[in-house]
Each structure stands twice: as structure tokens, then as C-alpha cells.
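Report on one structure; see the data block that follows.
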Amino acid sequence: LALAEMASDQLDELMGVLGRMRDAADRLASSSGDDDAFREAATDASLLFLELKATNRAALEGVEATRATTAKAKLDLDHKRLELQNVLYEKGHIQKEIRACQDFRSAYDDETIGLCSVAEFKRRAPGEWKEAGDDPHAVMLKRLSHELAERKKLCELEKELEARKRTLQDGIKSRRKFLDGLGNQLKGLKRSTAPLQEHLALPITVEEKRKGAARLLPPPLYVTYTQLAAAREAFDDDFEVHIEGSVADAEALQRKAAAAEEEEARRREEGAAAETVAEAEYKAAGTFAGDEEETRKSKRARVSENERAVDESDPYAAHPLRVELRLGGASFTFTYLHNLHVVTANVKPREGGASANKGNR
């Protein structure tokens with residue numbers, strides 16, 4: 001505004017000088033014959049030219065000052081515009097961060113981190129709930145603080161339980177060590193008491209050997225032996241029941257049967273997918289007519305584990321162990337034939353008869 005007023009004043013002054021110069025020119029033109037008037041008019045015109053040059057100089061200086069002021073104002077304007085752009089950029093960045101925080105959805109919700117529900121937190125910590133008020137953020141901070149305190153307590157409890165567990169494990173190890181050595185001690189005790197058992201007619205060791213051999217019997221012979229042994233103990237009848245044969249061969253047969261069972265289980269696992277596909281094809285084709293018969297055949301084929309290890313080429317292959325019933329003067333020997341799935345009974349007279357039987361008892 002000051003520059004505009006200065007420019008207006010300079011323009012008015014210039015117009016005044018030009019007007020006076022026009023008057024001086026008119027006087028010069030009208031005083032062609034009068035030398036004194038001409039000289040006076042020429043002097044006034046020269047002074048007006050000097051005033052015009054001073055006015056022009058002042059105008060140019062005003063222009064330079066105006067340019068300098070304009071450049072400075074422009075520089076200040078550019079600086080303010082740059083500051084405005086920086087502020088707008090910061091504003092946009094902050095608004096973006098605010099939107100990101102508002103739209104943030106944690107990958108770990110309350111169920112994932114095991115945070116108790118709001119109702120549970122309100123019930124467990126009513127004081128903290130009242131301090132939080134209605135601000136959801138404050139409520140979440142209080143819930144997290146409460147959860148942290150609870151988990152610290154649980155960690156302390158876990159340490160106590162771990163220490164108790166180690167104590168119990170040490171006790172179990174010591175007891176297990178005692179039990180592991182107890183077997184050898186019992187075996188030594190049995191060996192040392194064997195003469196006493198024979199002297200007092202206490203066949204404890206013999207009965208244990210019989211029970212161990214009975215476990216190797218096939219199911220039909222095992223049932224026969226247990227029934228006869230139970231009848232003898234219950235009724236105190238005048239007969240004896242024994243297990244005859246090679247225990248070593250029976251154990252080898254059982255190991256062979258176990259290996260065959262493992263091999264069969266492995267084959268069943270490998271063929272499970274193929275069987276599933278085959279069953280689906282059977283369902284689609286409607287060819288389940290012979291399934292029940294095959295199932296019955298497979299069940300009959302799995303009567304005993306020991307039968308899998310027997311040579312099928314010999315139809316009269318017998319189990320290595322036999323059950324012998326000594327009754328009076330006769331001896332009944334029960335033998336199991338694997339491939340025929342039958343139990344045979346062989347009767348033969350026994351030397352000494354009933355008297356020998358009583359003497360053996």
C-alpha cells in the first residue's frame with residue numbers, strides 16, 4: 001500500500017513538471033523577439049529538465065525498491081508455501097496412521113492369547129473395572145495388566161509344581177531301582193529255597209514253570225489245561241495235569257508267529273489305500289455279494305497267532321506242547337493240530353496205575 005501511494009505521488013509530480021515544461025515551451029515560442037524573456041523562459045525550462053530527471057531518477061529508484069520488496073515478498077511466500085506443503089504432508093501422514101490404528105485388527109484376539117472375557121474381568125477385578133470407566137482402550141489396558149498379574153502367579157505355581165514333580169520323580173526312580181533289583185533277589189531266593197520246597201512238598205517253582213508253559217499253549221489246549229487244573233484244585237480229585245513237550249520250540253513258534261503278525265500288519269497298512277479304492281469300486285459296481293463269505297473265511301483263518309507260523313504243507317502238524325491228564329492207570333494226551341483245527345486225545349495205559357499216581361502226589 002505504501003509503494004502504491006509513493007508511485008501515485010511520483011506520477012502526480014511528473015505530470016506537474018510536464019505541465020510546467022509545456023508552459024515554458026509556450027513562453028519560449030511567444031518571446032522570439034524579446035531576449036530577456038527568452039533567456040528567462042530558457043532558464044526555467046532548464047530547471048524543469050533537471051527536475052524531470054530527478055523525478056525520473058526517483059521513479060526508477062522506487063521501481064528498484066518495489067522489485068526488491070516484491071522479490072523478498074515472493075521469497076517469503078515460497079518459504080511459507082513450502083512450510084504449508086510440509087504441514088499438509090505431515091497432516092496426511094498422521095491421518096493415515098490414525099486410520100491404520102483405527103482399522104487395525106490384531107492377529108491375536110482374546111481367544112488366541114487366552115485373555116479373559118470382559119464379564120470375567122469385571123467379576124474378578126471390580127476395582128480395576130471401575131477405574132477404567134467406559135473407555136474401551138482403558139478397559140483393554142486394565143485387562144492386559146490383570147492378565148499379566150494372573151500369569152505371573154501361574155508361573156510361580158508352575159515352578160512349585162515342577163519342583164514337586166522332580167521330587168516325586170526322584171522318589172519314583174529310587175523305588176523303581178529297588179523294584180528292578182527285587183526280581184533278581186526273588187530269583188536268588190527261589191533258588192536258595194528250592195531244597196526246602198522239595199523237602200516240604202511245596203512245588204512253588206514247578207507251578208510257576210507250568211504257568212509259564214501254559215501261556216505258550218494254543219487257545220484250545222489252554223482252555224483244556226485251565227479247566228482240568230481248576231477241577232483238580234477245587235475237588236481235590238485223584239488225577240494229575242501236566243504240560244509236556246518242548247518249551248523252547250513253543251517259544252520259537254510264538255516268536256515266529258509274532259513276526260508274521262507284524263508283517264501282516266505292515267501289509268495291511270500298506271494296502272489300506274488300495275482296499276479303500278477297491279471298496280469304493282465294489283460299491284459303485286454293486287459287487288458286495290461275496291463280502292460276508294470272505295469275512296467268515298478270514299475270521300476262520302485267524303484262529304490263533306501260532307497257526308500262522310506252522311507249515312501248512314503238513315496237515316497233521318502238531319503244536320510242540322501237549323496237555324497230559326494222568327487218571328488212575330491211564331494217561332490222556334491232548335494234542336492240537338494246527339492245520340486241521342482239532343484237538344486229538346491219545347489214551348494209553350500208564351505203568352504203576354493208581355498207586356504210582358498217589359505216590360507222585
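By order in the C-alpha cells, chains are A, B, ...; within a chain, residues start at 1; ligands start at 1, following the order shown.
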
Range 158-244 of chain A near range 317-322 of chain A within 9 Å: what's each residue's closest atom pair and its distance in Å to one decimal, counting only C-alpha atoms, ordered by chain then ascending residue number, as a tab-separated table?
```
residue	atom	partner	partner_atom	distance
A:Ala213	CA	A:Leu321	CA	8.3
A:Ala214	CA	A:Leu321	CA	8.9
A:Leu216	CA	A:Leu321	CA	8.0
A:Leu217	CA	A:Leu321	CA	6.6
A:Pro218	CA	A:His319	CA	7.7
A:Leu221	CA	A:Arg322	CA	7.5
A:His242	CA	A:Arg322	CA	8.4
A:Ile243	CA	A:Arg322	CA	5.7
A:Glu244	CA	A:Arg322	CA	5.1
```

Discussion item. If I take CA of Ala119 in chain A and CA of Asp135 in chain A, how far is one from the other in Å, to one decimal?
Written reply: 15.4 Å

Worksheet entry | Interatomic distance (Å, one decimal) between CA of Leu253 in chain A and CA of Asp314 in chain A | 15.6 Å

Worksheet entry | Gap from CA of Ala41 in chain A to CA of Asn56 in chain A - Å, one decimal |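 So the two atoms, CA of Ala41 in chain A and CA of Asn56 in chain A, lie 22.1 Å apart.
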
Discussion item. Need to verify the contact set: Phe239 in chain A, 8 Å, only C-alpha atoms, exclusion of same-chain residues closer than 3 positions in sequence. Can you return it as a list in words?
Written reply: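 My list of contacting residues is Arg232, Leu325, Arg326, Leu327, Gly328 and Asn357 of chain A.
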
List the spatial neighbours of Val241 in chain A as a JSON list (two decimals) with N, CA, C and O atoms, in the first residue's frame - criterion: any atom at most 8 Å away, only C-alpha atoms, same-chain residues fewer than 6 positions off excluded.
```json
[["chain", "number", "residue", "atom", "x", "y", "z"],
["A", 225, "TYR", "N", -6.35, -127.16, 29.66],
["A", 225, "TYR", "CA", -5.46, -127.23, 30.82],
["A", 225, "TYR", "C", -6.04, -126.45, 32.01],
["A", 225, "TYR", "O", -6.04, -126.95, 33.15],
["A", 228, "LEU", "N", -9.04, -128.37, 33.59],
["A", 228, "LEU", "CA", -8.64, -129.56, 34.34],
["A", 228, "LEU", "C", -7.89, -129.17, 35.62],
["A", 228, "LEU", "O", -8.12, -129.77, 36.69],
["A", 229, "ALA", "N", -6.99, -128.15, 35.54],
["A", 229, "ALA", "CA", -6.26, -127.72, 36.73],
["A", 229, "ALA", "C", -7.21, -127.13, 37.77],
["A", 229, "ALA", "O", -7.07, -127.39, 38.98],
["A", 323, "VAL", "N", -0.98, -131.39, 26.50],
["A", 323, "VAL", "CA", -1.57, -131.48, 27.84],
["A", 323, "VAL", "C", -1.80, -132.95, 28.16],
["A", 323, "VAL", "O", -2.47, -133.66, 27.40],
["A", 324, "GLU", "N", -1.24, -133.37, 29.29],
["A", 324, "GLU", "CA", -1.35, -134.79, 29.68],
["A", 324, "GLU", "C", -2.15, -134.89, 30.99],
["A", 324, "GLU", "O", -1.84, -134.23, 31.98],
["A", 325, "LEU", "N", -3.18, -135.72, 30.93],
["A", 325, "LEU", "CA", -4.03, -136.00, 32.09],
["A", 325, "LEU", "C", -3.75, -137.41, 32.56],
["A", 325, "LEU", "O", -3.95, -138.37, 31.81],
["A", 326, "ARG", "N", -3.28, -137.52, 33.79],
["A", 326, "ARG", "CA", -2.97, -138.84, 34.38],
["A", 326, "ARG", "C", -4.06, -139.17, 35.38],
["A", 326, "ARG", "O", -4.16, -138.58, 36.45]]
```
